[in-house]
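Participant: Pasting coords.cif below, which is mmCIF, C-alpha atoms.
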```
data_start
#
loop_
_atom_site.group_PDB
_atom_site.id
_atom_site.type_symbol
_atom_site.label_atom_id
_atom_site.label_comp_id
_atom_site.auth_asym_id
_atom_site.auth_seq_id
_atom_site.Cartn_x
_atom_site.Cartn_y
_atom_site.Cartn_z
ATOM 1 C CA MET N 47 56.006 16.402 -168.751
ATOM 2 C CA GLU N 48 56.842 19.420 -170.925
ATOM 3 C CA GLU N 49 55.297 19.435 -174.395
ATOM 4 C CA SER N 50 58.750 19.438 -176.018
ATOM 5 C CA LYS N 51 59.576 16.177 -174.237
ATOM 6 C CA TYR N 52 56.299 14.410 -175.036
ATOM 7 C CA PRO N 53 57.188 11.232 -176.984
ATOM 8 C CA GLU N 54 56.591 11.528 -180.721
ATOM 9 C CA GLN N 55 55.463 7.927 -181.001
ATOM 10 C CA LEU N 56 52.489 8.569 -178.684
ATOM 11 C CA LYS N 57 51.320 11.512 -180.777
ATOM 12 C CA LYS N 58 50.618 9.050 -183.584
ATOM 13 C CA ILE N 59 48.265 6.712 -181.704
ATOM 14 C CA LYS N 60 44.511 6.958 -181.348
ATOM 15 C CA ASN N 61 43.501 8.760 -178.149
ATOM 16 C CA PRO N 62 47.012 9.724 -176.978
ATOM 17 C CA PRO N 63 47.302 10.678 -173.284
ATOM 18 C CA LYS N 64 46.673 14.388 -172.740
ATOM 19 C CA GLN N 65 49.493 14.578 -170.237
ATOM 20 C CA LEU N 66 52.275 12.362 -168.956
ATOM 21 C CA TYR N 67 53.878 12.328 -165.533
ATOM 22 C CA SER N 68 57.333 10.831 -165.285
ATOM 23 C CA GLU N 69 60.190 10.053 -162.957
ATOM 24 C CA GLY N 70 63.622 9.013 -164.126
ATOM 25 C CA ASN N 71 65.471 9.155 -167.421
ATOM 26 C CA ILE N 72 63.083 10.591 -170.041
ATOM 27 C CA GLU N 73 65.783 10.247 -172.709
ATOM 28 C CA LEU N 74 64.792 6.581 -172.874
ATOM 29 C CA LEU N 75 61.660 7.662 -174.756
ATOM 30 C CA LYS N 76 63.928 8.419 -177.724
ATOM 31 C CA THR N 77 65.476 4.947 -177.794
ATOM 32 C CA ASN N 78 64.396 1.789 -179.613
ATOM 33 C CA ILE N 79 61.825 0.174 -177.333
ATOM 34 C CA ILE N 80 60.315 -3.299 -177.271
ATOM 35 C CA SER N 81 57.452 -3.939 -174.853
ATOM 36 C CA ILE N 82 57.319 -7.350 -173.211
ATOM 37 C CA ILE N 83 53.939 -8.419 -171.869
ATOM 38 C CA GLY N 84 52.223 -11.533 -170.579
ATOM 39 C CA SER N 85 50.139 -13.177 -167.897
ATOM 40 C CA ARG N 86 50.107 -12.108 -164.270
ATOM 41 C CA ALA N 87 49.629 -15.758 -163.251
ATOM 42 C CA CYS N 88 52.505 -16.933 -165.432
ATOM 43 C CA SER N 89 53.945 -20.425 -165.672
ATOM 44 C CA GLU N 90 57.485 -21.461 -164.749
ATOM 45 C CA ASN N 91 58.216 -21.833 -168.445
ATOM 46 C CA GLY N 92 56.856 -18.329 -169.029
ATOM 47 C CA LYS N 93 59.255 -16.969 -166.424
ATOM 48 C CA LYS N 94 62.222 -18.679 -168.075
ATOM 49 C CA LEU N 95 61.233 -17.468 -171.542
ATOM 50 C CA THR N 96 60.760 -13.912 -170.262
ATOM 51 C CA LYS N 97 64.251 -13.939 -168.768
ATOM 52 C CA LYS N 98 65.782 -15.413 -171.912
ATOM 53 C CA PHE N 99 64.226 -12.959 -174.372
ATOM 54 C CA THR N 100 64.698 -9.970 -172.062
ATOM 55 C CA GLN N 101 68.390 -10.778 -171.580
ATOM 56 C CA GLU N 102 68.945 -11.138 -175.311
ATOM 57 C CA LEU N 103 67.003 -7.994 -176.277
ATOM 58 C CA VAL N 104 68.957 -5.965 -173.728
ATOM 59 C CA GLU N 105 72.153 -7.442 -175.152
ATOM 60 C CA GLN N 106 71.032 -6.104 -178.546
ATOM 61 C CA GLY N 107 70.790 -2.590 -177.079
ATOM 62 C CA LEU N 108 67.002 -2.322 -176.866
ATOM 63 C CA THR N 109 65.067 -0.630 -174.087
ATOM 64 C CA ILE N 110 62.468 -2.883 -172.438
ATOM 65 C CA ALA N 111 59.036 -1.501 -171.536
ATOM 66 C CA SER N 112 56.247 -3.159 -169.593
ATOM 67 C CA GLY N 113 53.449 -2.389 -167.137
ATOM 68 C CA MET N 114 55.089 -3.283 -163.789
ATOM 69 C CA ALA N 115 52.281 -5.732 -162.981
ATOM 70 C CA VAL N 116 53.060 -8.971 -161.157
ATOM 71 C CA GLY N 117 54.108 -11.894 -163.326
ATOM 72 C CA ILE N 118 55.706 -11.419 -166.756
ATOM 73 C CA ASP N 119 55.908 -7.608 -166.443
ATOM 74 C CA THR N 120 57.856 -7.756 -163.189
ATOM 75 C CA ILE N 121 60.251 -10.409 -164.509
ATOM 76 C CA ALA N 122 60.938 -8.348 -167.635
ATOM 77 C CA HIS N 123 61.788 -5.263 -165.548
ATOM 78 C CA GLN N 124 63.886 -7.229 -163.030
ATOM 79 C CA THR N 125 65.837 -9.078 -165.713
ATOM 80 C CA THR N 126 66.578 -5.839 -167.554
ATOM 81 C CA LEU N 127 68.028 -4.357 -164.370
ATOM 82 C CA GLN N 128 70.065 -7.514 -163.726
ATOM 83 C CA GLU N 129 71.534 -7.222 -167.215
ATOM 84 C CA ASN N 130 72.346 -3.515 -166.678
ATOM 85 C CA GLY N 131 69.830 -2.548 -169.347
ATOM 86 C CA LYS N 132 67.272 0.249 -169.411
ATOM 87 C CA THR N 133 63.604 -0.274 -168.686
ATOM 88 C CA ILE N 134 60.424 1.799 -168.813
ATOM 89 C CA ALA N 135 57.488 1.027 -166.524
ATOM 90 C CA VAL N 136 54.070 2.355 -167.540
ATOM 91 C CA LEU N 137 51.688 2.662 -164.591
ATOM 92 C CA GLY N 138 47.921 2.611 -164.264
ATOM 93 C CA ASN N 139 48.087 4.854 -161.202
ATOM 94 C CA GLY N 140 49.788 7.985 -159.921
ATOM 95 C CA LEU N 141 53.436 8.203 -158.915
ATOM 96 C CA GLU N 142 52.484 8.572 -155.242
ATOM 97 C CA ASN N 143 50.291 5.458 -155.208
ATOM 98 C CA ILE N 144 52.495 2.671 -156.548
ATOM 99 C CA PHE N 145 50.666 -0.538 -157.395
ATOM 100 C CA PRO N 146 51.143 -3.374 -156.711
ATOM 101 C CA LYS N 147 52.609 -2.561 -153.313
ATOM 102 C CA GLU N 148 55.083 -5.428 -153.524
ATOM 103 C CA ASN N 149 56.723 -3.642 -156.452
ATOM 104 C CA ILE N 150 57.576 -0.437 -154.591
ATOM 105 C CA GLU N 151 61.154 -1.723 -154.242
ATOM 106 C CA LEU N 152 61.247 -2.485 -157.968
ATOM 107 C CA TYR N 153 59.970 1.028 -158.717
ATOM 108 C CA GLN N 154 62.812 2.490 -156.681
ATOM 109 C CA GLN N 155 65.401 0.277 -158.370
ATOM 110 C CA ILE N 156 64.196 1.274 -161.834
ATOM 111 C CA ILE N 157 64.770 4.937 -160.952
ATOM 112 C CA LYS N 158 68.085 4.240 -159.202
ATOM 113 C CA LYS N 159 69.457 2.323 -162.191
ATOM 114 C CA GLY N 160 68.608 4.891 -164.843
ATOM 115 C CA GLY N 161 65.179 3.648 -165.903
ATOM 116 C CA LEU N 162 61.944 5.548 -166.356
ATOM 117 C CA ILE N 163 58.452 5.487 -164.843
ATOM 118 C CA VAL N 164 55.596 7.075 -166.820
ATOM 119 C CA THR N 165 51.868 7.449 -166.247
ATOM 120 C CA GLU N 166 49.034 9.579 -167.520
ATOM 121 C CA TYR N 167 47.460 9.753 -164.058
ATOM 122 C CA PRO N 168 47.965 12.522 -161.464
ATOM 123 C CA PRO N 169 50.336 11.660 -158.601
ATOM 124 C CA LYS N 170 47.673 10.785 -156.021
ATOM 125 C CA GLU N 171 45.438 8.684 -158.308
ATOM 126 C CA LYS N 172 44.913 5.137 -157.065
ATOM 127 C CA ALA N 173 44.966 2.047 -159.243
ATOM 128 C CA LYS N 174 41.697 0.733 -160.697
ATOM 129 C CA SER N 175 40.897 -1.821 -163.379
ATOM 130 C CA SER N 176 39.801 0.696 -166.029
ATOM 131 C CA ASN N 177 43.142 2.501 -165.668
ATOM 132 C CA PHE N 178 45.072 -0.642 -166.580
ATOM 133 C CA LEU N 179 43.170 -1.115 -169.818
ATOM 134 C CA ALA N 180 43.892 2.499 -170.728
ATOM 135 C CA ARG N 181 47.540 2.134 -169.681
ATOM 136 C CA ASN N 182 48.020 -0.712 -172.150
ATOM 137 C CA ARG N 183 47.699 1.612 -175.164
ATOM 138 C CA ILE N 184 50.754 3.482 -173.824
ATOM 139 C CA VAL N 185 52.722 0.258 -173.248
ATOM 140 C CA SER N 186 52.234 -0.608 -176.919
ATOM 141 C CA GLY N 187 52.279 2.962 -178.201
ATOM 142 C CA LEU N 188 55.783 3.705 -176.912
ATOM 143 C CA ALA N 189 57.317 0.657 -178.566
ATOM 144 C CA LEU N 190 58.468 -0.446 -181.986
ATOM 145 C CA GLY N 191 56.616 -3.649 -181.264
ATOM 146 C CA ILE N 192 55.405 -5.884 -178.469
ATOM 147 C CA LEU N 193 56.495 -9.387 -177.523
ATOM 148 C CA VAL N 194 53.745 -11.527 -175.978
ATOM 149 C CA ILE N 195 55.217 -14.271 -173.798
ATOM 150 C CA GLU N 196 51.985 -15.812 -172.484
ATOM 151 C CA ALA N 197 48.298 -14.956 -172.797
ATOM 152 C CA GLY N 198 45.310 -16.854 -171.517
ATOM 153 C CA TYR N 199 41.779 -16.866 -172.856
ATOM 154 C CA ARG N 200 40.295 -13.324 -173.001
ATOM 155 C CA SER N 201 43.292 -11.864 -171.191
ATOM 156 C CA GLY N 202 44.324 -8.243 -170.801
ATOM 157 C CA THR N 203 47.500 -9.201 -172.631
ATOM 158 C CA SER N 204 45.477 -10.084 -175.733
ATOM 159 C CA VAL N 205 43.755 -6.694 -175.494
ATOM 160 C CA THR N 206 47.153 -4.964 -175.487
ATOM 161 C CA ALA N 207 48.191 -6.971 -178.543
ATOM 162 C CA LYS N 208 44.987 -5.879 -180.310
ATOM 163 C CA LEU N 209 45.734 -2.230 -179.472
ATOM 164 C CA ALA N 210 49.284 -2.629 -180.783
ATOM 165 C CA LYS N 211 47.987 -3.989 -184.068
ATOM 166 C CA GLN N 212 45.559 -1.062 -184.383
ATOM 167 C CA GLN N 213 48.465 1.311 -183.764
ATOM 168 C CA GLY N 214 50.418 -0.274 -186.602
ATOM 169 C CA LYS N 215 52.967 -1.828 -184.255
ATOM 170 C CA LYS N 216 54.663 -5.155 -184.820
ATOM 171 C CA VAL N 217 53.148 -7.915 -182.672
ATOM 172 C CA PHE N 218 55.363 -10.900 -181.805
ATOM 173 C CA ALA N 219 54.132 -14.005 -179.992
ATOM 174 C CA LEU N 220 55.737 -17.176 -178.674
ATOM 175 C CA PRO N 221 54.018 -20.386 -179.812
ATOM 176 C CA HIS N 222 52.688 -22.782 -177.166
ATOM 177 C CA GLU N 223 51.493 -26.364 -177.043
ATOM 178 C CA ILE N 224 47.776 -26.553 -177.853
ATOM 179 C CA ASN N 225 46.897 -27.950 -174.411
ATOM 180 C CA ASP N 226 48.748 -25.176 -172.536
ATOM 181 C CA LYS N 227 46.219 -22.784 -170.976
ATOM 182 C CA HIS N 228 48.893 -20.081 -170.766
ATOM 183 C CA GLY N 229 49.280 -20.159 -174.545
ATOM 184 C CA ILE N 230 45.671 -19.966 -175.728
ATOM 185 C CA GLY N 231 45.981 -16.231 -176.346
ATOM 186 C CA THR N 232 49.409 -16.333 -177.987
ATOM 187 C CA ASN N 233 48.402 -19.122 -180.381
ATOM 188 C CA ARG N 234 45.294 -17.155 -181.309
ATOM 189 C CA LEU N 235 47.381 -14.041 -181.931
ATOM 190 C CA ILE N 236 49.566 -16.027 -184.308
ATOM 191 C CA GLN N 237 46.459 -17.301 -186.104
ATOM 192 C CA ASN N 238 45.362 -13.673 -186.491
ATOM 193 C CA GLY N 239 48.614 -12.453 -187.997
ATOM 194 C CA ALA N 240 51.101 -11.952 -185.160
ATOM 195 C CA LYS N 241 54.694 -12.827 -186.054
ATOM 196 C CA ILE N 242 55.668 -16.196 -184.603
ATOM 197 C CA VAL N 243 58.917 -15.885 -182.646
ATOM 198 C CA THR N 244 61.353 -18.564 -181.543
ATOM 199 C CA THR N 245 64.543 -16.462 -181.374
ATOM 200 C CA THR N 246 65.479 -12.855 -180.664
ATOM 201 C CA GLU N 247 66.786 -12.595 -184.208
ATOM 202 C CA ASP N 248 63.200 -13.171 -185.429
ATOM 203 C CA ILE N 249 62.275 -9.861 -183.791
ATOM 204 C CA LEU N 250 65.182 -7.734 -184.953
ATOM 205 C CA LYS N 251 65.010 -8.793 -188.580
ATOM 206 C CA GLU N 252 61.540 -7.206 -188.788
ATOM 207 C CA PHE N 253 63.159 -3.764 -188.466
ATOM 208 C CA SER N 254 65.467 -2.711 -191.286
ATOM 209 C CA PHE N 255 67.252 -0.147 -189.089
ATOM 210 C CA LEU N 256 68.200 -2.745 -186.448
ATOM 211 C CA GLN N 257 71.065 -5.153 -186.976
ATOM 212 C CA TYR N 258 71.221 -8.401 -185.070
ATOM 213 C CA LYS N 259 74.566 -8.882 -183.319
ATOM 214 C CA LYS N 260 75.847 -12.352 -182.564
ATOM 215 C CA PHE N 261 77.459 -12.906 -179.181
ATOM 216 C CA PRO N 262 79.166 -15.983 -177.729
ATOM 217 C CA ALA N 263 76.783 -18.082 -175.653
ATOM 218 C CA LYS N 264 76.959 -17.300 -171.940
ATOM 219 C CA GLN N 265 78.129 -20.201 -169.838
ATOM 220 C CA ARG N 266 77.616 -21.038 -166.216
ATOM 221 C CA ILE N 267 79.692 -23.559 -164.320
ATOM 222 C CA SER N 268 77.846 -25.493 -161.603
ATOM 223 C CA SER N 269 80.318 -25.235 -158.769
ATOM 224 C CA LYS N 270 79.955 -23.763 -155.301
ATOM 225 C CA LYS N 271 83.358 -22.102 -155.527
ATOM 226 C CA ASN N 272 82.032 -19.941 -158.401
ATOM 227 C CA LYS N 273 79.133 -18.506 -156.432
ATOM 228 C CA LYS N 274 79.148 -14.719 -156.574
ATOM 229 C CA ILE N 275 80.322 -13.029 -153.396
ATOM 230 C CA CYS N 276 77.697 -10.786 -151.833
ATOM 231 C CA SER N 277 79.302 -7.838 -150.053
ATOM 232 C CA ASN N 278 76.111 -6.662 -148.337
ATOM 233 C CA PRO N 279 75.920 -8.189 -144.815
ATOM 234 C CA ARG N 280 72.155 -7.617 -144.684
ATOM 235 C CA TYR N 281 71.620 -9.660 -147.862
ATOM 236 C CA ASP N 282 74.156 -12.309 -146.899
ATOM 237 C CA LYS N 283 72.068 -13.478 -143.942
ATOM 238 C CA VAL N 284 69.730 -14.973 -146.573
ATOM 239 C CA TYR N 285 72.122 -15.415 -149.502
ATOM 240 C CA GLN N 286 74.388 -17.776 -147.546
ATOM 241 C CA TYR N 287 71.693 -20.458 -147.694
ATOM 242 C CA ILE N 288 71.277 -20.292 -151.489
ATOM 243 C CA ASN N 289 73.522 -22.404 -153.713
ATOM 244 C CA GLU N 290 73.298 -24.081 -157.137
ATOM 245 C CA ILE N 291 70.701 -26.571 -155.869
ATOM 246 C CA PRO N 292 67.270 -24.818 -155.694
ATOM 247 C CA ILE N 293 66.029 -24.044 -152.191
ATOM 248 C CA SER N 294 62.428 -23.140 -151.353
ATOM 249 C CA PHE N 295 61.275 -20.029 -149.515
ATOM 250 C CA HIS N 296 60.138 -22.227 -146.602
ATOM 251 C CA GLU N 297 63.579 -23.826 -146.318
ATOM 252 C CA ILE N 298 65.246 -20.404 -146.345
ATOM 253 C CA TYR N 299 62.851 -19.261 -143.620
ATOM 254 C CA GLU N 300 63.528 -22.354 -141.501
ATOM 255 C CA GLN N 301 67.298 -22.052 -141.824
ATOM 256 C CA SER N 302 67.757 -18.292 -141.600
ATOM 257 C CA LYS N 303 65.163 -17.613 -138.866
ATOM 258 C CA GLN N 304 64.573 -14.189 -140.431
ATOM 259 C CA ASP N 305 61.233 -12.378 -140.647
ATOM 260 C CA MET N 306 59.246 -13.467 -143.742
ATOM 261 C CA ALA N 307 58.824 -9.909 -145.019
ATOM 262 C CA GLU N 308 62.554 -9.334 -144.617
ATOM 263 C CA ILE N 309 63.323 -12.541 -146.537
ATOM 264 C CA ASN N 310 60.977 -11.471 -149.352
ATOM 265 C CA HIS N 311 62.684 -8.090 -149.587
ATOM 266 C CA ILE N 312 66.182 -9.579 -149.633
ATOM 267 C CA LEU N 313 65.241 -12.200 -152.238
ATOM 268 C CA LEU N 314 63.867 -9.465 -154.503
ATOM 269 C CA MET N 315 67.034 -7.399 -154.135
ATOM 270 C CA LEU N 316 69.269 -10.425 -154.751
ATOM 271 C CA GLU N 317 67.287 -11.149 -157.943
ATOM 272 C CA ILE N 318 67.500 -7.557 -159.163
ATOM 273 C CA GLU N 319 71.229 -7.374 -158.480
ATOM 274 C CA GLY N 320 71.907 -10.647 -160.293
ATOM 275 C CA TYR N 321 72.953 -12.890 -157.407
ATOM 276 C CA ILE N 322 70.072 -15.367 -157.596
ATOM 277 C CA GLU N 323 67.281 -16.479 -159.898
ATOM 278 C CA LYS N 324 63.867 -17.939 -159.206
ATOM 279 C CA VAL N 325 63.489 -21.420 -160.672
ATOM 280 C CA ALA N 326 61.222 -24.433 -160.310
ATOM 281 C CA GLY N 327 61.738 -25.552 -156.713
ATOM 282 C CA GLY N 328 62.656 -22.154 -155.292
ATOM 283 C CA TYR N 329 65.815 -20.070 -155.662
ATOM 284 C CA GLN N 330 69.335 -20.818 -156.827
ATOM 285 C CA CYS N 331 72.485 -18.732 -157.044
ATOM 286 C CA ILE N 332 73.812 -17.437 -160.374
ATOM 287 C CA LEU N 333 77.271 -18.811 -160.951
ATOM 288 C CA ASP N 334 80.232 -17.026 -162.488
ATOM 289 C CA LYS N 335 82.613 -18.513 -165.003
ATOM 290 C CA ARG N 336 86.073 -18.010 -163.529
#
```
Would you write out, as structure tokens, the structure that this file holds?
Facilitator:
Amino acid sequence: MEESKYPEQLKKIKNPPKQLYSEGNIELLKTNIISIIGSRACSENGKKLTKKFTQELVEQGLTIASGMAVGIDTIAHQTTLQENGKTIAVLGNGLENIFPKENIELYQQIIKKGGLIVTEYPPKEKAKSSNFLARNRIVSGLALGILVIEAGYRSGTSVTAKLAKQQGKKVFALPHEINDKHGIGTNRLIQNGAKIVTTTEDILKEFSFLQYKKFPAKQRISSKKNKKICSNPRYDKVYQYINEIPISFHEIYEQSKQDMAEINHILLMLEIEGYIEKVAGGYQCILDKR
């Protein structure tokens, strides 16, 4: 990345990356960014909350950044794309060694839909654990603040939140029940000064230059006739089995008789393009209000 395009916000953090490699729309670095982070092994509730807050932050015109890891990161990126928003993925590896491998398709969709991929590592560098810890300072450094959805005990997510606080960034955390293992880290962050968040408005009101906009609540009507029509024949060989009642991956496999890897790919694409959502019990279609 040329020096003139190096993001100003990263120049202000401790130990800024000496160089950045990027692919995609670098103009996103000049936008208002919120980073959404959380557990790799996230709960079903964590998935739902990630979708909810991502959808609403995109609706408010914010760019969503995350680390493209499995779990909360992936859901944040996917949901942003589904909502036609802009997302930035910060990698702990080079652009020619995408990790995790199952997110190669997501990587391509981020680029295709006007998003941005950034990393401080040379193109051929492979992923390793120390890289991810270093990457986290960029995830927080690029943003106005970070939203922590879930964090377990001594998690990497909690480390990112600590880095954000050191950088002078706003740290937001969702409260959890005290017996929820996925919320040990978030509750501790709140105890240590993170802003407790229950609505998107709680986040925006912390920034004087951002104005919260109220929108009518989105409605979905549970009716088969309102299922979105998928025009891609390749996707439809899986999509035809998904309706408003959740269906498991195994049931899709049994009914469609497609290769498992092919089903996985199609399900990911249907999620990204806003036809289906992953819920407790499997997958269900997203219904239109006609």
Participant: Could you give me, as JSON, numbers by chain, the residues within 12 Å of Ala197 of chain N, counting all atoms listed in the file and dropping anything in the same chain fewer than 6 positions from it?
Facilitator: {"N": [82, 83, 84, 85, 86, 87, 88, 89, 92, 117, 118, 203, 204, 205, 206, 207, 219, 220, 221, 222, 226, 227, 228, 229, 230, 231, 232, 233, 234, 235, 236]}
Participant: Would you save the residues from that selection as a short mmCIF file (atom, residue, chain, number, x, y, z; two decimals), in the frame of the given file, using C-alpha atoms?
Facilitator:
```
data_model
loop_
_atom_site.label_atom_id
_atom_site.label_comp_id
_atom_site.auth_asym_id
_atom_site.auth_seq_id
_atom_site.Cartn_x
_atom_site.Cartn_y
_atom_site.Cartn_z
CA ILE N 82 57.32 -7.35 -173.21
CA ILE N 83 53.94 -8.42 -171.87
CA GLY N 84 52.22 -11.53 -170.58
CA SER N 85 50.14 -13.18 -167.90
CA ARG N 86 50.11 -12.11 -164.27
CA ALA N 87 49.63 -15.76 -163.25
CA CYS N 88 52.50 -16.93 -165.43
CA SER N 89 53.94 -20.42 -165.67
CA GLY N 92 56.86 -18.33 -169.03
CA GLY N 117 54.11 -11.89 -163.33
CA ILE N 118 55.71 -11.42 -166.76
CA THR N 203 47.50 -9.20 -172.63
CA SER N 204 45.48 -10.08 -175.73
CA VAL N 205 43.76 -6.69 -175.49
CA THR N 206 47.15 -4.96 -175.49
CA ALA N 207 48.19 -6.97 -178.54
CA ALA N 219 54.13 -14.00 -179.99
CA LEU N 220 55.74 -17.18 -178.67
CA PRO N 221 54.02 -20.39 -179.81
CA HIS N 222 52.69 -22.78 -177.17
CA ASP N 226 48.75 -25.18 -172.54
CA LYS N 227 46.22 -22.78 -170.98
CA HIS N 228 48.89 -20.08 -170.77
CA GLY N 229 49.28 -20.16 -174.54
CA ILE N 230 45.67 -19.97 -175.73
CA GLY N 231 45.98 -16.23 -176.35
CA THR N 232 49.41 -16.33 -177.99
CA ASN N 233 48.40 -19.12 -180.38
CA ARG N 234 45.29 -17.16 -181.31
CA LEU N 235 47.38 -14.04 -181.93
CA ILE N 236 49.57 -16.03 -184.31
#
```
Participant: Have a look at atom CA of Tyr67 of chain N and atom CA of Pro169 of chain N and let me know their distance in Å, one decimal.
Facilitator: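 If I compute the distance from atom CA of Tyr67 of chain N to atom CA of Pro169 of chain N, I get 7.8 Å.
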Participant: Residue by residue, what does the PyMOL selection byres ((chain N and resi 319-329) around 10) grab here? Present the result as a PyMOL selection string.
Facilitator: chain N and resi 89-91+93-94+97+121+124-125+127-130+155+273-276+285+287-298+313-318+330-334
Participant: Going by the chain IDs and residue numbers used in this file, which residues fall under the PyMOL selection byres ((chain N and resi 163) around 8)? Write them as a short mmCIF file (atom, residue, chain, number, x, y, z; two decimals) with C-alpha atoms, in the frame of the given file.
Facilitator:
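Dumped to expr_4.cif:
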```cif
data_model
loop_
_atom_site.label_atom_id
_atom_site.label_comp_id
_atom_site.auth_asym_id
_atom_site.auth_seq_id
_atom_site.Cartn_x
_atom_site.Cartn_y
_atom_site.Cartn_z
CA SER N 68 57.33 10.83 -165.28
CA GLU N 69 60.19 10.05 -162.96
CA GLY N 70 63.62 9.01 -164.13
CA ILE N 134 60.42 1.80 -168.81
CA ALA N 135 57.49 1.03 -166.52
CA VAL N 136 54.07 2.36 -167.54
CA LEU N 137 51.69 2.66 -164.59
CA TYR N 153 59.97 1.03 -158.72
CA ILE N 156 64.20 1.27 -161.83
CA ILE N 157 64.77 4.94 -160.95
CA GLY N 161 65.18 3.65 -165.90
CA LEU N 162 61.94 5.55 -166.36
CA VAL N 164 55.60 7.08 -166.82
CA THR N 165 51.87 7.45 -166.25
#
```
Participant: When you draw a straight line from atom CA of Val116 of chain N to atom CA of Ser277 of chain N, how long is it in Å?
Facilitator: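 Result for atom CA of Val116 of chain N versus atom CA of Ser277 of chain N: 28.5 Å, one decimal.
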Participant: Counting all atoms listed in the file, find the residues whose atoms lie at most 7 Å from (58.5, -0.8, -170.2) (file coordinates) and write them out as a PDB file with C-alpha atoms, in the coordinates of the input.
Facilitator:
```pdb
ATOM      1  CA  SER N  81      57.452  -3.939-174.853  1.00  0.00           C
ATOM      2  CA  ILE N 110      62.468  -2.883-172.438  1.00  0.00           C
ATOM      3  CA  ALA N 111      59.036  -1.501-171.536  1.00  0.00           C
ATOM      4  CA  SER N 112      56.247  -3.159-169.593  1.00  0.00           C
ATOM      5  CA  GLY N 113      53.449  -2.389-167.137  1.00  0.00           C
ATOM      6  CA  THR N 133      63.604  -0.274-168.686  1.00  0.00           C
ATOM      7  CA  ILE N 134      60.424   1.799-168.813  1.00  0.00           C
ATOM      8  CA  ALA N 135      57.488   1.027-166.524  1.00  0.00           C
ATOM      9  CA  VAL N 136      54.070   2.355-167.540  1.00  0.00           C
ATOM     10  CA  VAL N 185      52.722   0.258-173.248  1.00  0.00           C
TER      11      VAL N 185
END
```
Participant: Take the PyMOL selection byres ((chain N and resi 214) around 10), apply it to the structure above, and return the hits as a list in words.
Facilitator: Lys58, Ile59, Ser186, Gly187, Leu190, Gly191, Leu209, Ala210, Lys211, Gln212, Gln213, Lys215, Lys216 and Val217 of chain N
Participant: Calculate how many Å separate atom CA of Lys57 of chain N from atom CA of Leu75 of chain N, rounding to one decimal.
Facilitator: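 Between atom CA of Lys57 of chain N and atom CA of Leu75 of chain N the gap works out to 12.6 Å.
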Participant: For Ile79 of chain N, which residue out of N:Gln286, N:Gln106, N:Ser254, N:Ser201 is the nearest one, using all atoms listed in the file?
Facilitator: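 Looking only at the distances to Ile79 of chain N, the closest residue turns out to be N:Gln106.
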Participant: Name the residues in contact with Ser50 of chain N at a cut-off of 12 Å, using all atoms listed in the file, excluding same-chain residues fewer than 4 positions from it; report them as a list of chain:residue names.
Facilitator: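 These residues fall inside the cut-off: N:Glu54, N:Lys57, N:Gln65, N:Leu66, N:Ile72.
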Participant: When you count all atoms listed in the file, which of these residues is closest to Val104 of chain N: N:Leu250, N:Lys158, N:Asn278, N:Glu48?
Facilitator: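 Smallest distance to Val104 of chain N is found for N:Leu250.
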Participant: Skip Lys259 of chain N itself and residues of its chain fewer than 6 positions away, then list as number ranges by chain all residues within 12 Å of it, counting all atoms listed in the file.
Facilitator: N: 102-108, 246-247, 250-251
